[in-house]
$ cat work-v1.txt   # compact mmCIF, C-alpha atoms
# COMPACT_ATOMS: atom_id res chain seq x y z
CA MET O 10 14.23 13.91 18.54
CA ASP O 11 12.46 14.20 21.90
CA LEU O 12 9.40 16.21 22.87
CA ASP O 13 11.38 19.15 24.27
CA ALA O 14 13.46 19.48 21.10
CA PHE O 15 10.36 19.30 18.91
CA THR O 16 8.58 21.91 21.04
CA GLU O 17 11.54 24.25 20.61
CA LEU O 18 11.40 23.61 16.86
CA LEU O 19 7.98 25.31 16.81
CA THR O 20 9.30 28.54 18.35
CA PRO O 21 10.50 31.44 16.16
CA ARG O 22 14.10 30.45 16.87
CA GLY O 23 13.33 26.84 16.03
CA GLN O 24 11.66 27.85 12.79
CA ARG O 25 14.78 29.76 11.76
CA ALA O 26 16.89 26.69 12.50
CA LEU O 27 14.52 24.52 10.47
CA ALA O 28 14.61 26.93 7.52
CA GLU O 29 18.41 26.82 7.54
CA ALA O 30 18.35 23.01 7.78
CA VAL O 31 16.04 22.80 4.77
CA GLU O 32 18.56 24.83 2.76
CA VAL O 33 21.33 22.30 3.40
CA VAL O 34 19.29 19.08 3.22
CA GLY O 35 21.11 16.51 1.13
CA ALA O 36 24.51 18.07 1.82
CA ASP O 37 27.23 16.37 3.87
CA LEU O 38 25.70 15.76 7.29
CA VAL O 39 28.78 16.75 9.26
CA ALA O 40 29.17 19.99 7.32
CA ALA O 41 25.47 20.77 7.71
CA ALA O 42 25.57 20.13 11.46
CA THR O 43 28.71 22.24 11.81
CA ARG O 44 27.04 25.13 10.01
CA LEU O 45 23.93 25.04 12.22
CA ARG O 46 25.94 24.61 15.43
CA ARG O 47 27.39 28.07 14.89
CA SER O 48 23.97 29.49 15.84
CA TYR O 49 22.06 26.71 17.66
CA ASP O 50 22.65 24.14 20.37
CA ALA O 51 23.12 20.44 19.63
CA ALA O 52 19.53 19.38 20.43
CA LEU O 53 17.91 22.00 18.20
CA THR O 54 20.45 21.39 15.43
CA SER O 55 19.69 17.67 15.49
CA ALA O 56 15.91 18.24 15.56
CA ALA O 57 16.05 20.69 12.64
CA LEU O 58 18.25 18.48 10.47
CA THR O 59 16.13 15.42 11.24
CA GLN O 60 12.95 17.27 10.37
CA ALA O 61 14.39 18.67 7.14
CA ALA O 62 15.45 15.18 6.03
CA LEU O 63 12.03 13.73 6.88
CA ARG O 64 10.28 16.49 4.92
CA GLU O 65 12.38 15.65 1.89
CA ARG O 66 11.48 11.95 2.18
CA ALA O 67 7.82 12.80 2.76
CA LYS O 68 7.41 14.50 -0.63
CA ALA O 69 6.72 11.11 -2.20
CA LYS O 70 3.70 10.61 0.08
CA PHE O 71 2.46 14.13 0.73
CA GLY O 72 3.59 16.24 -2.21
CA ALA O 73 3.65 20.00 -1.56
CA ASP O 74 2.17 19.55 1.94
CA ALA O 75 5.41 17.90 3.06
CA ALA O 76 7.19 21.28 3.08
CA LEU O 77 4.85 22.47 5.86
CA MET O 78 4.39 19.27 7.83
CA TYR O 79 6.25 17.66 10.73
CA PHE O 80 7.20 14.00 11.06
CA THR O 81 8.74 11.29 13.16
CA PRO O 82 10.60 8.47 11.37
CA HIS O 83 8.08 5.79 12.39
CA GLY O 84 5.18 8.16 11.80
CA LEU O 85 6.28 8.85 8.23
CA GLU O 86 6.85 5.16 7.53
CA GLN O 87 3.34 4.21 8.62
CA ALA O 88 1.58 7.31 7.28
CA THR O 89 -0.93 6.86 4.49
CA ARG O 90 0.00 8.17 1.05
CA ALA O 91 -2.06 11.32 0.39
CA GLU O 92 -3.88 9.89 -2.63
CA VAL O 93 -4.96 6.81 -0.66
CA GLY O 94 -6.09 8.93 2.29
CA ILE O 95 -8.15 11.16 -0.02
CA HIS O 96 -9.86 8.13 -1.57
CA ARG O 97 -10.76 6.72 1.83
CA ALA O 98 -11.88 10.09 3.20
CA ARG O 99 -14.28 10.56 0.28
CA ARG O 100 -15.85 7.18 0.96
CA LEU O 101 -16.15 7.91 4.66
CA ALA O 102 -17.29 11.55 4.59
CA GLY O 103 -20.31 11.18 2.31
CA PRO O 104 -21.89 14.06 0.37
CA ALA O 105 -23.33 16.05 3.29
CA GLY O 106 -20.13 16.85 5.21
CA GLY O 107 -19.90 17.45 8.95
CA THR O 108 -19.36 13.77 9.71
CA ARG O 109 -17.94 13.30 13.21
CA VAL O 110 -14.98 10.92 13.23
CA VAL O 111 -12.79 9.64 16.04
CA ASP O 112 -9.33 8.79 14.72
CA VAL O 113 -7.62 6.48 17.20
CA CYS O 114 -3.88 5.84 16.80
CA CYS O 115 -3.76 8.99 14.64
CA GLY O 116 0.01 9.00 14.24
CA ILE O 117 1.38 12.14 12.59
CA GLY O 118 -2.07 12.90 11.17
CA GLY O 119 -1.95 11.92 7.52
CA ASP O 120 -5.42 10.40 7.64
CA PHE O 121 -7.17 13.08 9.66
CA LEU O 122 -5.81 15.73 7.30
CA ALA O 123 -7.63 14.02 4.41
CA LEU O 124 -10.75 13.54 6.53
CA ALA O 125 -10.85 17.19 7.57
CA ARG O 126 -10.38 18.36 3.99
CA ALA O 127 -13.28 16.10 2.98
CA GLY O 128 -15.54 17.96 5.45
CA CYS O 129 -15.29 15.74 8.53
CA VAL O 130 -14.87 16.97 12.08
CA VAL O 131 -12.17 14.83 13.69
CA ASP O 132 -11.27 13.99 17.27
CA ALA O 133 -7.78 12.45 16.97
CA VAL O 134 -6.00 10.55 19.73
CA ASP O 135 -2.64 8.89 20.15
CA LEU O 136 -0.83 7.42 23.13
CA ASP O 137 2.61 8.91 22.45
CA PRO O 138 3.14 12.53 23.62
CA LEU O 139 5.64 13.40 20.86
CA THR O 140 3.36 11.98 18.17
CA VAL O 141 0.46 14.00 19.56
CA ALA O 142 2.55 17.17 19.42
CA VAL O 143 3.57 16.44 15.83
CA ALA O 144 -0.01 15.69 14.76
CA ARG O 145 -1.31 18.87 16.40
CA ALA O 146 1.40 20.91 14.67
CA ASN O 147 0.38 19.40 11.33
CA ALA O 148 -3.28 20.33 11.81
CA GLU O 149 -2.23 23.90 12.57
CA ALA O 150 0.38 24.13 9.79
CA LEU O 151 -2.18 23.12 7.16
CA GLY O 152 -4.95 25.36 8.49
CA LEU O 153 -7.19 22.55 9.73
CA ALA O 154 -7.10 23.13 13.49
CA ASP O 155 -10.73 24.30 13.41
CA ARG O 156 -11.80 20.83 12.21
CA VAL O 157 -9.32 18.65 14.10
CA THR O 158 -8.59 18.29 17.80
CA VAL O 159 -5.65 16.15 18.86
CA ARG O 160 -5.24 14.76 22.35
CA GLU O 161 -3.16 12.21 24.21
CA ALA O 162 -5.21 9.13 25.10
CA ASP O 163 -5.23 5.35 25.01
CA ALA O 164 -7.38 4.08 22.14
CA ALA O 165 -9.04 1.61 24.51
CA THR O 166 -10.52 4.50 26.52
CA VAL O 167 -12.31 6.07 23.53
CA SER O 168 -16.12 5.83 23.23
CA PRO O 169 -16.64 5.23 19.50
CA GLU O 170 -20.42 5.16 19.97
CA ASP O 171 -20.28 8.95 20.46
CA TYR O 172 -19.19 9.50 16.85
CA ASP O 173 -20.52 8.84 13.35
CA TRP O 174 -17.39 6.90 12.40
CA LEU O 175 -14.46 5.19 14.04
CA PHE O 176 -11.20 5.27 12.08
CA ALA O 177 -8.36 3.14 13.40
CA ASP O 178 -4.83 2.65 12.17
CA PRO O 179 -3.15 0.38 14.73
CA ALA O 180 0.62 0.64 14.92
CA ARG O 181 2.25 -2.29 13.17
CA ARG O 182 5.71 -2.05 14.71
CA THR O 183 7.22 -3.66 17.78
CA SER O 184 10.64 -3.23 19.39
CA ARG O 185 11.88 -5.82 16.88
CA GLY O 186 10.55 -3.95 13.85
CA ARG O 187 7.51 -4.29 11.60
CA THR O 188 5.00 -6.97 12.53
CA PHE O 189 2.52 -8.82 10.33
CA ASP O 190 0.66 -10.39 13.24
CA PRO O 191 -2.51 -8.41 14.15
CA MET O 192 -2.24 -9.72 17.70
CA ALA O 193 1.01 -7.74 17.97
CA TYR O 194 -0.58 -4.50 16.70
CA SER O 195 -0.82 -1.60 19.11
CA PRO O 196 -3.52 -1.65 20.33
CA PRO O 197 -3.85 -5.45 19.93
CA TRP O 198 -6.49 -6.88 17.62
CA PRO O 199 -8.99 -7.78 20.38
CA VAL O 200 -9.00 -4.15 21.55
CA VAL O 201 -9.50 -2.94 17.99
CA LEU O 202 -12.40 -5.35 17.46
CA ASP O 203 -14.02 -4.21 20.69
CA LEU O 204 -13.90 -0.61 19.45
CA VAL O 205 -15.41 -1.72 16.14
CA ALA O 206 -18.18 -3.63 17.91
CA ARG O 207 -19.18 -0.47 19.81
CA ALA O 208 -18.94 1.84 16.79
CA GLY O 209 -21.84 2.58 14.52
CA ARG O 210 -19.55 2.55 11.50
CA ALA O 211 -15.84 1.85 11.32
CA CYS O 212 -12.91 1.85 8.94
CA LEU O 213 -9.72 0.03 9.93
CA LYS O 214 -6.45 0.50 8.08
CA VAL O 215 -4.49 -2.76 8.06
CA ALA O 216 -1.52 -4.28 6.28
CA PRO O 217 -2.25 -5.66 2.78
CA GLY O 218 -1.09 -9.09 3.91
CA ILE O 219 -3.51 -9.34 6.84
CA PRO O 220 -4.39 -13.03 7.39
CA TYR O 221 -7.93 -13.61 6.15
CA GLU O 222 -9.00 -15.27 9.39
CA PHE O 223 -8.68 -11.88 11.12
CA ILE O 224 -11.18 -10.19 8.83
CA PRO O 225 -14.63 -9.95 10.53
CA ASP O 226 -17.39 -11.77 8.65
CA GLU O 227 -19.51 -8.61 8.45
CA ALA O 228 -16.71 -6.44 7.04
CA GLU O 229 -15.85 -5.33 3.55
CA ALA O 230 -12.15 -5.78 2.89
CA GLU O 231 -10.79 -3.30 0.35
CA TRP O 232 -7.28 -3.57 -1.07
CA VAL O 233 -5.90 -0.38 -2.58
CA SER O 234 -3.23 -0.23 -5.27
CA TYR O 235 -1.43 2.97 -6.29
CA LYS O 236 0.28 2.96 -9.69
CA GLY O 237 0.45 -0.82 -9.64
CA GLU O 238 1.75 -1.24 -6.09
CA VAL O 239 -0.53 -2.52 -3.32
CA LYS O 240 -0.34 0.06 -0.54
CA GLU O 241 -2.79 -1.08 2.11
CA ALA O 242 -6.05 -2.73 2.98
CA ALA O 243 -9.03 -1.20 4.77
CA LEU O 244 -11.82 -3.02 6.59
CA TRP O 245 -15.22 -1.28 6.50
CA THR O 246 -18.05 -2.20 8.87
CA GLY O 247 -21.46 -0.92 9.88
CA THR O 248 -23.04 0.48 6.74
CA ALA O 249 -26.62 -0.40 5.93
CA GLU O 250 -26.31 -2.87 3.02
CA GLY O 251 -22.71 -3.89 3.40
CA PRO O 252 -20.17 -1.12 2.91
CA VAL O 253 -21.27 1.44 0.32
CA GLY O 254 -23.95 -0.91 -0.94
CA SER O 255 -21.54 -3.64 -2.01
CA PRO O 256 -23.05 -7.02 -2.86
CA ARG O 257 -21.81 -9.90 -0.78
CA ALA O 258 -19.65 -12.31 -2.70
CA LYS O 259 -20.13 -16.06 -2.73
CA GLY O 260 -17.50 -18.66 -3.51
CA LEU O 261 -14.36 -16.54 -3.91
CA VAL O 262 -11.75 -18.77 -5.48
CA GLY O 263 -8.90 -19.42 -3.07
CA SER O 264 -10.41 -17.49 -0.15
CA PRO O 265 -10.43 -19.39 3.16
CA ARG O 266 -13.36 -17.25 4.32
CA ALA O 267 -15.43 -16.75 1.20
CA GLU O 268 -18.96 -17.28 2.42
CA GLY O 269 -20.73 -14.02 3.23
CA SER O 270 -17.66 -11.82 2.87
CA VAL O 271 -17.23 -8.70 0.75
CA ARG O 272 -14.03 -8.21 -1.22
CA ARG O 273 -13.14 -5.07 -3.17
CA ALA O 274 -10.08 -3.82 -5.01
CA THR O 275 -9.44 -0.19 -5.92
CA LEU O 276 -6.90 1.26 -8.34
CA LEU O 277 -5.45 4.72 -7.79
CA PRO O 278 -5.01 7.32 -9.10
CA GLY O 279 -7.74 6.35 -11.59
CA GLY O 280 -10.28 5.31 -8.98
CA GLU O 281 -11.45 2.11 -10.71
CA THR O 282 -13.04 -0.34 -8.31
CA LEU O 283 -13.91 -4.01 -8.63
CA VAL O 284 -16.17 -6.02 -6.32
CA ALA O 285 -16.24 -9.80 -6.07
CA ARG O 286 -19.18 -11.50 -7.76
CA GLY O 287 -18.00 -15.08 -7.42
CA ALA O 288 -16.61 -15.39 -10.95
CA GLU O 289 -14.52 -18.51 -11.51
CA ALA O 290 -11.96 -18.65 -14.32
CA PRO O 291 -11.80 -21.75 -16.50
CA ILE O 292 -8.56 -23.72 -16.75
CA GLY O 293 -6.84 -24.05 -20.11
CA PRO O 294 -3.63 -23.97 -22.13
CA VAL O 295 -1.42 -20.92 -22.62
CA GLY O 296 -2.69 -18.71 -25.41
CA ARG O 297 -1.25 -15.80 -27.38
CA PHE O 298 -1.25 -13.48 -24.38
CA MET O 299 -0.52 -13.60 -20.65
CA TYR O 300 -2.19 -11.21 -18.23
CA GLU O 301 -0.70 -10.30 -14.86
CA PRO O 302 -3.51 -9.05 -12.56
CA ASP O 303 -2.93 -6.03 -10.36
CA GLY O 304 -1.86 -6.99 -6.84
CA ALA O 305 -5.00 -5.51 -5.29
CA ALA O 306 -7.17 -7.82 -7.40
CA ILE O 307 -5.03 -10.79 -6.39
CA ARG O 308 -5.23 -9.94 -2.68
CA ALA O 309 -9.00 -9.54 -2.93
CA HIS O 310 -9.35 -12.88 -4.75
CA LEU O 311 -10.71 -11.22 -7.88
CA VAL O 312 -8.62 -13.12 -10.40
CA GLY O 313 -11.81 -14.78 -11.70
CA GLU O 314 -13.40 -11.37 -12.29
CA VAL O 315 -10.30 -10.12 -14.15
CA ALA O 316 -10.19 -13.29 -16.25
CA GLU O 317 -13.83 -12.72 -17.19
CA MET O 318 -12.98 -9.18 -18.35
CA VAL O 319 -10.32 -10.38 -20.78
CA GLY O 320 -12.04 -13.59 -21.84
CA GLY O 321 -9.19 -15.49 -20.24
CA ARG O 322 -8.42 -18.70 -18.42
CA LEU O 323 -5.85 -19.94 -15.89
CA PRO O 324 -2.89 -22.00 -17.13
CA ASP O 325 -2.66 -23.35 -13.59
CA PRO O 326 -5.59 -23.33 -11.12
CA MET O 327 -3.40 -22.29 -8.18
CA ILE O 328 -1.49 -19.40 -9.77
CA ALA O 329 -2.72 -15.87 -10.49
CA TYR O 330 -1.59 -15.62 -14.10
CA ILE O 331 -4.30 -15.38 -16.77
CA THR O 332 -3.92 -16.36 -20.41
CA GLY O 333 -6.05 -15.55 -23.44
CA ASP O 334 -6.15 -15.47 -27.21
CA GLU O 335 -7.28 -11.86 -27.76
CA PRO O 336 -5.60 -8.56 -26.71
CA PHE O 337 -7.94 -6.86 -24.24
CA ASP O 338 -6.93 -3.58 -22.56
CA THR O 339 -7.80 -3.23 -18.88
CA PRO O 340 -6.31 -1.29 -15.97
CA TRP O 341 -6.68 -4.47 -13.92
CA ALA O 342 -3.92 -6.41 -15.64
CA ALA O 343 -0.69 -5.95 -17.56
CA ARG O 344 -0.68 -7.80 -20.89
CA TYR O 345 2.24 -9.67 -22.46
CA ALA O 346 2.48 -11.30 -25.88
CA VAL O 347 3.76 -14.87 -25.56
CA GLU O 348 6.66 -15.90 -27.80
CA ASP O 349 7.63 -19.22 -26.24
CA VAL O 350 6.47 -21.61 -23.52
CA LEU O 351 9.23 -23.96 -22.35
CA PRO O 352 9.71 -26.50 -19.58
CA PHE O 353 12.13 -24.84 -17.20
CA SER O 354 15.71 -25.66 -18.11
CA LEU O 355 18.59 -23.25 -17.60
CA LYS O 356 20.51 -24.66 -20.54
CA ARG O 357 17.57 -24.45 -22.93
CA LEU O 358 16.53 -20.99 -21.76
CA ARG O 359 20.07 -19.67 -22.14
CA ALA O 360 20.31 -21.08 -25.66
CA THR O 361 16.94 -19.66 -26.70
CA LEU O 362 17.77 -16.17 -25.44
CA ARG O 363 21.16 -16.24 -27.13
CA GLU O 364 19.61 -17.40 -30.40
CA ARG O 365 17.15 -14.48 -30.27
CA GLN O 366 19.88 -11.98 -29.30
CA ILE O 367 18.09 -11.07 -26.10
CA GLY O 368 20.55 -9.32 -23.82
CA ASN O 369 18.19 -7.66 -21.35
CA VAL O 370 15.40 -9.42 -19.46
CA ILE O 371 12.75 -8.46 -16.94
CA ILE O 372 12.26 -11.56 -14.79
CA LYS O 373 8.95 -12.21 -13.09
CA LYS O 374 8.12 -15.25 -11.02
CA ARG O 375 5.13 -16.77 -9.30
CA ALA O 376 5.17 -20.17 -7.54
CA SER O 377 8.82 -20.64 -8.52
CA ALA O 378 11.74 -21.31 -6.20
CA VAL O 379 14.32 -19.97 -8.66
CA ASP O 380 16.54 -17.17 -7.34
CA ILE O 381 16.10 -14.32 -9.82
CA GLU O 382 19.51 -12.69 -9.43
CA ARG O 383 21.35 -15.98 -9.60
CA LEU O 384 19.41 -16.90 -12.74
CA ARG O 385 20.25 -13.54 -14.31
CA ASN O 386 23.95 -14.21 -13.75
CA ASP O 387 23.72 -17.81 -14.95
CA LEU O 388 22.01 -16.76 -18.21
CA ARG O 389 25.14 -14.84 -19.31
CA LEU O 390 23.03 -12.55 -21.47
CA SER O 391 24.27 -10.80 -24.59
CA GLY O 392 22.49 -9.05 -27.43
CA GLY O 393 20.52 -5.89 -28.03
CA LYS O 394 16.94 -7.11 -27.60
CA THR O 395 14.70 -7.14 -24.51
CA ALA O 396 12.19 -9.70 -23.25
CA VAL O 397 10.06 -10.52 -20.23
CA ILE O 398 10.64 -13.92 -18.66
CA MET O 399 7.89 -15.45 -16.51
CA LEU O 400 8.91 -18.25 -14.19
CA THR O 401 5.86 -20.15 -13.03
CA ARG O 402 4.15 -23.52 -12.92
CA ILE O 403 1.72 -24.75 -15.56
CA MET O 404 -0.42 -27.62 -14.37
CA ASP O 405 2.12 -28.15 -11.59
CA LYS O 406 5.11 -28.31 -13.96
CA PRO O 407 7.95 -25.74 -13.67
CA SER O 408 7.78 -23.63 -16.81
CA VAL O 409 9.21 -20.47 -18.33
CA LEU O 410 7.45 -18.11 -20.74
CA ILE O 411 9.33 -15.69 -22.98
CA CYS O 412 7.15 -12.65 -23.64
CA HIS O 413 7.19 -8.98 -24.49
CA PRO O 414 4.96 -6.17 -23.17
CA SER O 415 1.79 -5.77 -25.20
CA SER O 416 -0.59 -3.35 -23.43
CA PRO O 417 -0.46 0.34 -24.51
CA ALA O 418 0.67 1.64 -21.11
CA GLN O 419 3.61 -0.77 -21.05
CA MET O 420 4.61 0.01 -24.62
CA THR O 421 4.91 3.75 -23.88
CA ASN O 422 6.74 3.45 -20.54

$ encode --input "work-v1.txt" --output "structure tokens"
Amino acid sequence: MDLDAFTELLTPRGQRALAEAVEVVGADLVAAATRLRRSYDAALTSAALTQAALRERAKAKFGADAALMYFTPHGLEQATRAEVGIHRARRLAGPAGGTRVVDVCCGIGGDFLALARAGCVVDAVDLDPLTVAVARANAEALGLADRVTVREADAATVSPEDYDWLFADPARRTSRGRTFDPMAYSPPWPVVLDLVARAGRACLKVAPGIPYEFIPDEAEAEWVSYKGEVKEAALWTGTAEGPVGSPRAKGLVGSPRAEGSVRRATLLPGGETLVARGAEAPIGPVGRFMYEPDGAAIRAHLVGEVAEMVGGRLPDPMIAYITGDEPFDTPWAARYAVEDVLPFSLKRLRATLRERQIGNVIIKKRASAVDIERLRNDLRLSGGKTAVIMLTRIMDKPSVLICHPSSPAQMTN
């Protein structure tokens, strides 16, 4: 889809083509294209079918809004899930409303939509003309054009000091695909940091796996998990006492840049948040239960804080599994009842599972080189019972734990 085809899609004729494409989305592509070509040219047919397919995919991120929005493939892939954008917008907007935000690298507009709905006034920019047209169409389609202006510009030319907040979501794709190197972001990391340095307050959306050495010392790093899956990280700078009054954490276990940093994890949709306090978990033997911390807590180096919640300890000091003797319920960790702890041996594991008539297993691993699918085949499972197998290391020894789900949420799923 090019800019001309997208522009035509916004005309009355284009809207009719899009409506027809939506009716046949999911059908055979050739048949759908043939049907639309009876009334529309090839470019408009392609644009309408592409947009209808993207809207269908976008429902998972944007819910009912997806039926009114416009997308590009890369824009949808990088767009923030609506629930995450709402959480961040509430933090950024504050109670008074009217906050002026410049959204550089705005993409298709998922973030500025949440910001505008939270009461912010947004100046959004992007370097790509098609992306700008799509973002502008989204602001208009959702009735937010009075709060959002979208223009074509290079992020490096923006003056963040003219706004209350800078929001930046650098593109994390190159011609070779997704990149995990901030220096390969667009704009590159030095440009982003220069914008942050000139902004009064800033929020940067980054990949959850951002190397810790790229996180500015003065920033709060917040990892956000949605329904148990880590979706993104955000770096917050420029608030008066550390971001939203967060205490600064000392001695984060495993963090290469612990001193003076702020680490936070947030769980959505519930909204629970956990800030590092420097808790350190004791080391000890496997107990009656194993706890698997949420990925956001692990990324934020909050395993010690989670262990403190459940009265737990670490079976291995380098691995983010927690064990304990009592069943504590917490949204920050899944709980499993331990049935067996064995040195890893395929022969012994196979025999134990067969003896217990376990024919279905959920295999989890951490710090294990075992190939899960190959192991599943090698186990030659049979029987009507189910178990959870944890492949890990305990005091540097390859081990396997046979467990079953124990927390209420797991038992009802």

$ residues_around --input "work-v1.txt" --residues "stretch 169-180 of chain O" --least-positions-apart "5" --cutoff "10 Å" --atoms "all atoms listed in the file" --output "ChimeraX atom specification"
/O:83-84,87-89,101-102,107-116,120-121,124,129-133,164,187-188,191,193-198,201,203-216,243-247

$ closest_residue --input "work-v1.txt" --among "O:Leu38, O:Thr332, O:Arg44, O:Ala30" --to "O:Leu58" --atoms "all atoms listed in the file"
O:Ala30

$ closest_residue --input "work-v1.txt" --among "O:Ala342, O:Ala40, O:Ala91, O:Leu276" --to "O:Ala69" --atoms "only C-alpha atoms"
O:Ala91

$ closest_residue --input "work-v1.txt" --among "O:Glu29, O:Val233, O:Glu241, O:Glu289" --to "O:Ala274" --atoms "only C-alpha atoms"
O:Val233

$ residues_around --input "work-v1.txt" --residues "O:Val379" --least-positions-apart "2" --cutoff "12 Å" --atoms "only C-alpha atoms" --output "list in words"
Phe353, Ser354, Leu355, Ile372, Lys373, Lys374, Arg375, Ala376, Ser377, Ile381, Glu382, Arg383, Leu384, Arg385, Asp387, Met399, Leu400, Thr401, Arg402, Pro407, Ser408 and Val409 of chain O

$ atom_distance --input "work-v1.txt" --atom1 "atom CA of O:Gly296" --atom2 "atom CA of O:Leu358"
19.7 Å

$ atom_distance --input "work-v1.txt" --atom1 "atom CA of O:Gly333" --atom2 "atom CA of O:Phe298"
5.3 Å
